[in-house]
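Next comes data34.cif, with mmCIF, N, CA and C atoms.
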data_upload
#
loop_
_atom_site.label_atom_id
_atom_site.label_comp_id
_atom_site.auth_asym_id
_atom_site.auth_seq_id
_atom_site.Cartn_x
_atom_site.Cartn_y
_atom_site.Cartn_z
N MET V 1282 0.84 -1.19 0.00
CA MET V 1282 0.00 0.00 0.00
C MET V 1282 0.88 1.26 0.00
N ILE V 1283 1.82 1.32 0.93
CA ILE V 1283 2.69 2.51 1.00
C ILE V 1283 3.89 2.28 0.10
N LYS V 1284 4.07 3.20 -0.84
CA LYS V 1284 5.19 3.11 -1.76
C LYS V 1284 6.14 4.25 -1.44
N TYR V 1285 7.40 3.94 -1.28
CA TYR V 1285 8.38 4.96 -0.95
C TYR V 1285 8.95 5.57 -2.22
N THR V 1286 8.09 6.30 -2.93
CA THR V 1286 8.48 6.95 -4.18
C THR V 1286 8.19 8.45 -4.07
N ASN V 1287 8.79 9.19 -4.99
CA ASN V 1287 8.53 10.64 -5.02
C ASN V 1287 7.07 10.93 -5.36
N GLN V 1288 6.45 10.05 -6.16
CA GLN V 1288 5.05 10.25 -6.52
C GLN V 1288 4.16 10.12 -5.30
N PHE V 1289 4.44 9.13 -4.44
CA PHE V 1289 3.64 8.95 -3.23
C PHE V 1289 3.86 10.12 -2.27
N LEU V 1290 5.11 10.60 -2.19
CA LEU V 1290 5.41 11.76 -1.36
C LEU V 1290 4.61 12.97 -1.85
N THR V 1291 4.54 13.15 -3.16
CA THR V 1291 3.78 14.25 -3.73
C THR V 1291 2.30 14.13 -3.39
N LYS V 1292 1.76 12.91 -3.41
CA LYS V 1292 0.36 12.71 -3.04
C LYS V 1292 0.12 13.11 -1.59
N LEU V 1293 1.04 12.74 -0.70
CA LEU V 1293 0.90 13.13 0.71
C LEU V 1293 1.00 14.65 0.87
N GLU V 1294 1.92 15.27 0.13
CA GLU V 1294 2.07 16.72 0.20
C GLU V 1294 0.81 17.42 -0.31
N ASP V 1295 0.22 16.89 -1.38
CA ASP V 1295 -1.02 17.46 -1.91
C ASP V 1295 -2.16 17.32 -0.90
N LEU V 1296 -2.22 16.17 -0.25
CA LEU V 1296 -3.26 15.93 0.75
C LEU V 1296 -3.14 16.96 1.88
N ILE V 1297 -1.92 17.19 2.34
CA ILE V 1297 -1.71 18.16 3.42
C ILE V 1297 -2.00 19.58 2.93
N ALA V 1298 -1.67 19.87 1.69
CA ALA V 1298 -1.95 21.21 1.13
C ALA V 1298 -3.45 21.49 1.09
N GLU V 1299 -4.25 20.45 0.91
CA GLU V 1299 -5.70 20.63 0.88
C GLU V 1299 -6.29 20.72 2.27
N SER V 1300 -5.52 20.37 3.30
CA SER V 1300 -6.00 20.51 4.67
C SER V 1300 -5.71 21.94 5.12
N ASP V 1301 -5.94 22.21 6.39
CA ASP V 1301 -5.65 23.56 6.88
C ASP V 1301 -4.27 23.65 7.50
N TYR V 1302 -3.41 22.66 7.25
CA TYR V 1302 -2.03 22.67 7.73
C TYR V 1302 -1.09 23.13 6.63
N ILE V 1303 0.04 23.69 7.04
CA ILE V 1303 1.09 24.13 6.12
C ILE V 1303 2.28 23.20 6.32
N LEU V 1304 2.84 22.70 5.24
CA LEU V 1304 4.00 21.81 5.30
C LEU V 1304 5.22 22.58 4.83
N ARG V 1305 6.28 22.54 5.67
CA ARG V 1305 7.53 23.21 5.31
C ARG V 1305 8.69 22.24 5.52
N TYR V 1306 9.68 22.34 4.65
CA TYR V 1306 10.91 21.56 4.80
C TYR V 1306 12.01 22.53 5.22
N GLU V 1307 12.61 22.27 6.37
CA GLU V 1307 13.68 23.13 6.87
C GLU V 1307 14.72 22.28 7.58
N LYS V 1308 15.90 22.86 7.78
CA LYS V 1308 16.90 22.13 8.55
C LYS V 1308 16.64 22.39 10.03
N GLY V 1309 16.93 21.39 10.83
CA GLY V 1309 16.70 21.55 12.26
C GLY V 1309 17.12 20.31 13.01
N ASN V 1310 17.16 20.41 14.31
CA ASN V 1310 17.55 19.29 15.16
C ASN V 1310 16.32 18.68 15.80
N PHE V 1311 15.39 18.21 15.00
CA PHE V 1311 14.18 17.59 15.52
C PHE V 1311 14.51 16.15 15.87
N LYS V 1312 14.28 15.75 17.10
CA LYS V 1312 14.60 14.38 17.51
C LYS V 1312 13.80 13.36 16.71
N SER V 1313 12.56 13.67 16.40
CA SER V 1313 11.73 12.74 15.64
C SER V 1313 11.83 12.98 14.13
N GLY V 1314 12.56 14.01 13.73
CA GLY V 1314 12.68 14.32 12.32
C GLY V 1314 11.67 15.34 11.84
N TYR V 1315 10.76 15.70 12.73
CA TYR V 1315 9.77 16.71 12.37
C TYR V 1315 9.34 17.48 13.60
N CYS V 1316 8.68 18.59 13.35
CA CYS V 1316 8.13 19.42 14.41
C CYS V 1316 6.71 19.78 14.00
N LEU V 1317 5.78 19.65 14.93
CA LEU V 1317 4.38 19.93 14.63
C LEU V 1317 3.90 21.06 15.53
N LEU V 1318 3.55 22.18 14.93
CA LEU V 1318 3.02 23.31 15.67
C LEU V 1318 1.51 23.30 15.49
N ARG V 1319 0.81 22.68 16.42
CA ARG V 1319 -0.63 22.47 16.29
C ARG V 1319 -1.42 23.78 16.29
N GLU V 1320 -1.02 24.71 17.14
CA GLU V 1320 -1.77 25.97 17.25
C GLU V 1320 -1.72 26.76 15.94
N GLN V 1321 -0.55 26.79 15.31
CA GLN V 1321 -0.41 27.52 14.05
C GLN V 1321 -0.65 26.63 12.83
N LYS V 1322 -0.89 25.34 13.08
CA LYS V 1322 -1.16 24.37 12.02
C LYS V 1322 -0.04 24.33 10.98
N ILE V 1323 1.18 24.13 11.50
CA ILE V 1323 2.36 24.05 10.65
C ILE V 1323 3.09 22.74 10.94
N MET V 1324 3.46 22.03 9.87
CA MET V 1324 4.30 20.83 9.97
C MET V 1324 5.66 21.18 9.39
N ILE V 1325 6.72 20.92 10.15
CA ILE V 1325 8.07 21.19 9.68
C ILE V 1325 8.83 19.88 9.66
N LEU V 1326 9.33 19.52 8.48
CA LEU V 1326 10.10 18.28 8.32
C LEU V 1326 11.56 18.62 8.04
N ASN V 1327 12.44 17.73 8.45
CA ASN V 1327 13.86 17.88 8.17
C ASN V 1327 14.07 17.79 6.66
N LYS V 1328 14.60 18.84 6.05
CA LYS V 1328 14.73 18.87 4.60
C LYS V 1328 15.82 17.93 4.09
N PHE V 1329 16.67 17.42 5.00
CA PHE V 1329 17.75 16.53 4.58
C PHE V 1329 17.35 15.06 4.64
N PHE V 1330 16.10 14.78 4.99
CA PHE V 1330 15.60 13.41 5.01
C PHE V 1330 15.58 12.84 3.60
N THR V 1331 15.71 11.53 3.53
CA THR V 1331 15.51 10.83 2.26
C THR V 1331 14.01 10.84 1.96
N THR V 1332 13.62 10.42 0.78
CA THR V 1332 12.21 10.32 0.43
C THR V 1332 11.49 9.40 1.42
N GLU V 1333 12.11 8.27 1.74
CA GLU V 1333 11.51 7.33 2.68
C GLU V 1333 11.32 7.96 4.06
N GLY V 1334 12.31 8.72 4.50
CA GLY V 1334 12.23 9.39 5.80
C GLY V 1334 11.12 10.42 5.83
N LYS V 1335 10.98 11.17 4.74
CA LYS V 1335 9.92 12.19 4.67
C LYS V 1335 8.54 11.53 4.70
N ILE V 1336 8.38 10.44 3.95
CA ILE V 1336 7.10 9.73 3.91
C ILE V 1336 6.76 9.18 5.29
N ASN V 1337 7.75 8.54 5.94
CA ASN V 1337 7.50 7.98 7.28
C ASN V 1337 7.14 9.07 8.28
N ALA V 1338 7.80 10.22 8.21
CA ALA V 1338 7.49 11.32 9.12
C ALA V 1338 6.08 11.85 8.87
N LEU V 1339 5.71 12.00 7.60
CA LEU V 1339 4.36 12.49 7.28
C LEU V 1339 3.30 11.50 7.74
N LEU V 1340 3.55 10.21 7.54
CA LEU V 1340 2.59 9.20 7.98
C LEU V 1340 2.46 9.22 9.51
N ASP V 1341 3.59 9.42 10.19
CA ASP V 1341 3.57 9.51 11.65
C ASP V 1341 2.74 10.71 12.12
N ILE V 1342 2.92 11.83 11.44
CA ILE V 1342 2.14 13.04 11.78
C ILE V 1342 0.66 12.80 11.52
N LEU V 1343 0.33 12.25 10.35
CA LEU V 1343 -1.07 12.04 9.98
C LEU V 1343 -1.77 11.07 10.93
N LYS V 1344 -1.00 10.13 11.49
CA LYS V 1344 -1.56 9.17 12.43
C LYS V 1344 -2.15 9.87 13.67
N GLY V 1345 -1.51 10.96 14.09
CA GLY V 1345 -1.92 11.65 15.31
C GLY V 1345 -2.82 12.83 15.10
N LEU V 1346 -3.23 13.09 13.87
CA LEU V 1346 -4.06 14.27 13.58
C LEU V 1346 -5.40 13.90 12.99
N GLU V 1347 -6.39 14.69 13.30
CA GLU V 1347 -7.68 14.62 12.61
C GLU V 1347 -7.73 15.81 11.66
N LEU V 1348 -7.69 15.56 10.38
CA LEU V 1348 -7.73 16.65 9.40
C LEU V 1348 -9.16 16.93 8.98
N ASP V 1349 -9.42 18.18 8.67
CA ASP V 1349 -10.72 18.58 8.15
C ASP V 1349 -10.77 18.18 6.67
N THR V 1350 -11.62 17.22 6.34
CA THR V 1350 -11.63 16.66 4.99
C THR V 1350 -12.60 17.38 4.05
N THR V 1351 -13.22 18.45 4.49
CA THR V 1351 -14.23 19.12 3.66
C THR V 1351 -13.64 19.74 2.39
N ARG V 1352 -12.36 20.10 2.42
CA ARG V 1352 -11.73 20.73 1.25
C ARG V 1352 -10.98 19.74 0.38
N PHE V 1353 -10.98 18.47 0.74
CA PHE V 1353 -10.23 17.45 0.01
C PHE V 1353 -10.88 17.15 -1.34
N THR V 1354 -10.03 16.89 -2.33
CA THR V 1354 -10.54 16.38 -3.60
C THR V 1354 -10.90 14.91 -3.38
N GLU V 1355 -11.56 14.33 -4.36
CA GLU V 1355 -11.97 12.93 -4.24
C GLU V 1355 -10.76 12.01 -4.07
N LYS V 1356 -9.68 12.27 -4.83
CA LYS V 1356 -8.47 11.44 -4.74
C LYS V 1356 -7.83 11.55 -3.36
N SER V 1357 -7.74 12.77 -2.85
CA SER V 1357 -7.12 12.98 -1.54
C SER V 1357 -7.95 12.35 -0.43
N LEU V 1358 -9.25 12.46 -0.54
CA LEU V 1358 -10.14 11.87 0.46
C LEU V 1358 -9.97 10.34 0.47
N LYS V 1359 -9.88 9.75 -0.72
CA LYS V 1359 -9.70 8.30 -0.81
C LYS V 1359 -8.37 7.89 -0.18
N LEU V 1360 -7.30 8.62 -0.48
CA LEU V 1360 -5.99 8.33 0.09
C LEU V 1360 -6.01 8.48 1.61
N TYR V 1361 -6.64 9.53 2.10
CA TYR V 1361 -6.72 9.77 3.55
C TYR V 1361 -7.47 8.63 4.25
N GLU V 1362 -8.55 8.18 3.63
CA GLU V 1362 -9.32 7.08 4.22
C GLU V 1362 -8.51 5.78 4.20
N GLU V 1363 -7.78 5.53 3.11
CA GLU V 1363 -6.94 4.34 3.02
C GLU V 1363 -5.85 4.36 4.09
N LEU V 1364 -5.23 5.51 4.29
CA LEU V 1364 -4.19 5.64 5.30
C LEU V 1364 -4.76 5.45 6.70
N SER V 1365 -5.95 5.98 6.94
CA SER V 1365 -6.58 5.84 8.24
C SER V 1365 -6.90 4.38 8.54
N GLN V 1366 -7.39 3.66 7.54
CA GLN V 1366 -7.73 2.24 7.73
C GLN V 1366 -6.47 1.39 7.85
N ALA V 1367 -5.41 1.75 7.15
CA ALA V 1367 -4.17 1.00 7.22
C ALA V 1367 -3.57 1.09 8.62
N GLU V 1368 -3.72 2.24 9.25
CA GLU V 1368 -3.18 2.44 10.59
C GLU V 1368 -3.93 1.57 11.60
N VAL V 1369 -5.23 1.37 11.39
CA VAL V 1369 -6.02 0.57 12.32
C VAL V 1369 -5.57 -0.89 12.27
N LYS V 1370 -5.16 -1.35 11.09
CA LYS V 1370 -4.79 -2.76 10.91
C LYS V 1370 -3.50 -3.13 11.64
N HIS V 1371 -2.62 -2.18 11.86
CA HIS V 1371 -1.31 -2.48 12.48
C HIS V 1371 -1.47 -3.02 13.86
#
Encoded form (structure tokens):
Amino acid sequence: MIKYTNQFLTKLEDLIAESDYILRYEKGNFKSGYCLLREQKIMILNKFFTTEGKINALLDILKGLELDTTRFTEKSLKLYEELSQAEVKH
């Protein structure tokens, strides 16, 4: 289900862009590889991560968040639902 490709990373980035969160790539000393500012709705990922690292960090963030899906396109909504169900199976 999860493919560690640039195309899959782009799909995750598009999904987040359609939510009310902002995704930024910056350098930093984040112990988990990312920083989540819930109040300002900003996700900051380590820009030096590999594609696989970025995808894993985004999936980790999405696991702990409830996103407002009202602005999602049909494709993004389907992906979000698939990711939500995949997390339940683990």
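Proximity of V:Gly1309, V:Ile1342, V:Thr1286, V:Lys1292 to Phe1329 in chain V, computed with only C-alpha atoms, is greatest for V:Gly1309.
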Distance query Asp1301 in chain V at most 8 Å, all atoms listed in the file, self and fewer than 4 positions along chain excluded, as a PDB file with N, CA and C atoms, keeping the file's coordinate frame:
ATOM      1  N   LEU V1296      -2.220  16.170  -0.250  1.00  0.00           N
ATOM      2  CA  LEU V1296      -3.260  15.930   0.750  1.00  0.00           C
ATOM      3  C   LEU V1296      -3.140  16.960   1.880  1.00  0.00           C
ATOM      4  N   ILE V1297      -1.920  17.190   2.340  1.00  0.00           N
ATOM      5  CA  ILE V1297      -1.710  18.160   3.420  1.00  0.00           C
ATOM      6  C   ILE V1297      -2.000  19.580   2.930  1.00  0.00           C
ATOM      7  N   GLN V1321      -0.550  26.790  15.310  1.00  0.00           N
ATOM      8  CA  GLN V1321      -0.410  27.520  14.050  1.00  0.00           C
ATOM      9  C   GLN V1321      -0.650  26.630  12.830  1.00  0.00           C
ATOM     10  N   LYS V1322      -0.890  25.340  13.080  1.00  0.00           N
ATOM     11  CA  LYS V1322      -1.160  24.370  12.020  1.00  0.00           C
ATOM     12  C   LYS V1322      -0.040  24.330  10.980  1.00  0.00           C
ATOM     13  N   ILE V1323       1.180  24.130  11.500  1.00  0.00           N
ATOM     14  CA  ILE V1323       2.360  24.050  10.650  1.00  0.00           C
ATOM     15  C   ILE V1323       3.090  22.740  10.940  1.00  0.00           C
ATOM     16  N   LEU V1348      -7.690  15.560  10.380  1.00  0.00           N
ATOM     17  CA  LEU V1348      -7.730  16.650   9.400  1.00  0.00           C
ATOM     18  C   LEU V1348      -9.160  16.930   8.980  1.00  0.00           C
ATOM     19  N   ASP V1349      -9.420  18.180   8.670  1.00  0.00           N
ATOM     20  CA  ASP V1349     -10.720  18.580   8.150  1.00  0.00           C
ATOM     21  C   ASP V1349     -10.770  18.180   6.670  1.00  0.00           C
ATOM     22  N   THR V1350     -11.620  17.220   6.340  1.00  0.00           N
ATOM     23  CA  THR V1350     -11.630  16.660   4.990  1.00  0.00           C
ATOM     24  C   THR V1350     -12.600  17.380   4.050  1.00  0.00           C
ATOM     25  N   ARG V1352     -12.360  20.100   2.420  1.00  0.00           N
ATOM     26  CA  ARG V1352     -11.730  20.730   1.250  1.00  0.00           C
ATOM     27  C   ARG V1352     -10.980  19.740   0.380  1.00  0.00           C
TER      28      ARG V1352
END
| said: At a cut-off of 10 Å, using only C-alpha atoms, what residues contact range 1354-1368 of chain V? Leave out same-chain residues fewer than 2 positions from it and give the result as a PyMOL selection string. | reply: chain V and resi 1282-1283+1292-1293+1295-1297+1299-1300+1340-1341+1343-1344+1347-1348+1350-1352+1370-1371
| task | Using all atoms listed in the file, pick whichever of V:Met1324, V:Cys1316, V:Ile1336, V:Leu1346 has the shortest atom-to-atom distance to Phe1289 in chain V. | result | V:Ile1336
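The residues caught by the PyMOL selection byres (((chain V and resi 1333 and name CA) around 12) and name CA) in this file are Ile1283, Lys1284, Tyr1285, Thr1286, Asn1287, Gln1288, Phe1289, Leu1290, Gly1314, Phe1329, Phe1330, Thr1331, Thr1332, Gly1334, Lys1335, Ile1336, Asn1337, Ala1338, Leu1339 and Leu1340 of chain V.
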With N, CA and C atoms kept, could you save the residues just selected as an mmCIF file, in the frame of the given file?
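After the write, part36.cif holds the following:
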data_model
loop_
_atom_site.group_PDB
_atom_site.id
_atom_site.type_symbol
_atom_site.label_atom_id
_atom_site.label_comp_id
_atom_site.auth_asym_id
_atom_site.auth_seq_id
_atom_site.Cartn_x
_atom_site.Cartn_y
_atom_site.Cartn_z
ATOM 1 N N ILE V 1283 1.820 1.320 0.930
ATOM 2 C CA ILE V 1283 2.690 2.510 1.000
ATOM 3 C C ILE V 1283 3.890 2.280 0.100
ATOM 4 N N LYS V 1284 4.070 3.200 -0.840
ATOM 5 C CA LYS V 1284 5.190 3.110 -1.760
ATOM 6 C C LYS V 1284 6.140 4.250 -1.440
ATOM 7 N N TYR V 1285 7.400 3.940 -1.280
ATOM 8 C CA TYR V 1285 8.380 4.960 -0.950
ATOM 9 C C TYR V 1285 8.950 5.570 -2.220
ATOM 10 N N THR V 1286 8.090 6.300 -2.930
ATOM 11 C CA THR V 1286 8.480 6.950 -4.180
ATOM 12 C C THR V 1286 8.190 8.450 -4.070
ATOM 13 N N ASN V 1287 8.790 9.190 -4.990
ATOM 14 C CA ASN V 1287 8.530 10.640 -5.020
ATOM 15 C C ASN V 1287 7.070 10.930 -5.360
ATOM 16 N N GLN V 1288 6.450 10.050 -6.160
ATOM 17 C CA GLN V 1288 5.050 10.250 -6.520
ATOM 18 C C GLN V 1288 4.160 10.120 -5.300
ATOM 19 N N PHE V 1289 4.440 9.130 -4.440
ATOM 20 C CA PHE V 1289 3.640 8.950 -3.230
ATOM 21 C C PHE V 1289 3.860 10.120 -2.270
ATOM 22 N N LEU V 1290 5.110 10.600 -2.190
ATOM 23 C CA LEU V 1290 5.410 11.760 -1.360
ATOM 24 C C LEU V 1290 4.610 12.970 -1.850
ATOM 25 N N GLY V 1314 12.560 14.010 13.730
ATOM 26 C CA GLY V 1314 12.680 14.320 12.320
ATOM 27 C C GLY V 1314 11.670 15.340 11.840
ATOM 28 N N PHE V 1329 16.670 17.420 5.000
ATOM 29 C CA PHE V 1329 17.750 16.530 4.580
ATOM 30 C C PHE V 1329 17.350 15.060 4.640
ATOM 31 N N PHE V 1330 16.100 14.780 4.990
ATOM 32 C CA PHE V 1330 15.600 13.410 5.010
ATOM 33 C C PHE V 1330 15.580 12.840 3.600
ATOM 34 N N THR V 1331 15.710 11.530 3.530
ATOM 35 C CA THR V 1331 15.510 10.830 2.260
ATOM 36 C C THR V 1331 14.010 10.840 1.960
ATOM 37 N N THR V 1332 13.620 10.420 0.780
ATOM 38 C CA THR V 1332 12.210 10.320 0.430
ATOM 39 C C THR V 1332 11.490 9.400 1.420
ATOM 40 N N GLY V 1334 12.310 8.720 4.500
ATOM 41 C CA GLY V 1334 12.230 9.390 5.800
ATOM 42 C C GLY V 1334 11.120 10.420 5.830
ATOM 43 N N LYS V 1335 10.980 11.170 4.740
ATOM 44 C CA LYS V 1335 9.920 12.190 4.670
ATOM 45 C C LYS V 1335 8.540 11.530 4.700
ATOM 46 N N ILE V 1336 8.380 10.440 3.950
ATOM 47 C CA ILE V 1336 7.100 9.730 3.910
ATOM 48 C C ILE V 1336 6.760 9.180 5.290
ATOM 49 N N ASN V 1337 7.750 8.540 5.940
ATOM 50 C CA ASN V 1337 7.500 7.980 7.280
ATOM 51 C C ASN V 1337 7.140 9.070 8.280
ATOM 52 N N ALA V 1338 7.800 10.220 8.210
ATOM 53 C CA ALA V 1338 7.490 11.320 9.120
ATOM 54 C C ALA V 1338 6.080 11.850 8.870
ATOM 55 N N LEU V 1339 5.710 12.000 7.600
ATOM 56 C CA LEU V 1339 4.360 12.490 7.280
ATOM 57 C C LEU V 1339 3.300 11.500 7.740
ATOM 58 N N LEU V 1340 3.550 10.210 7.540
ATOM 59 C CA LEU V 1340 2.590 9.200 7.980
ATOM 60 C C LEU V 1340 2.460 9.220 9.510
#
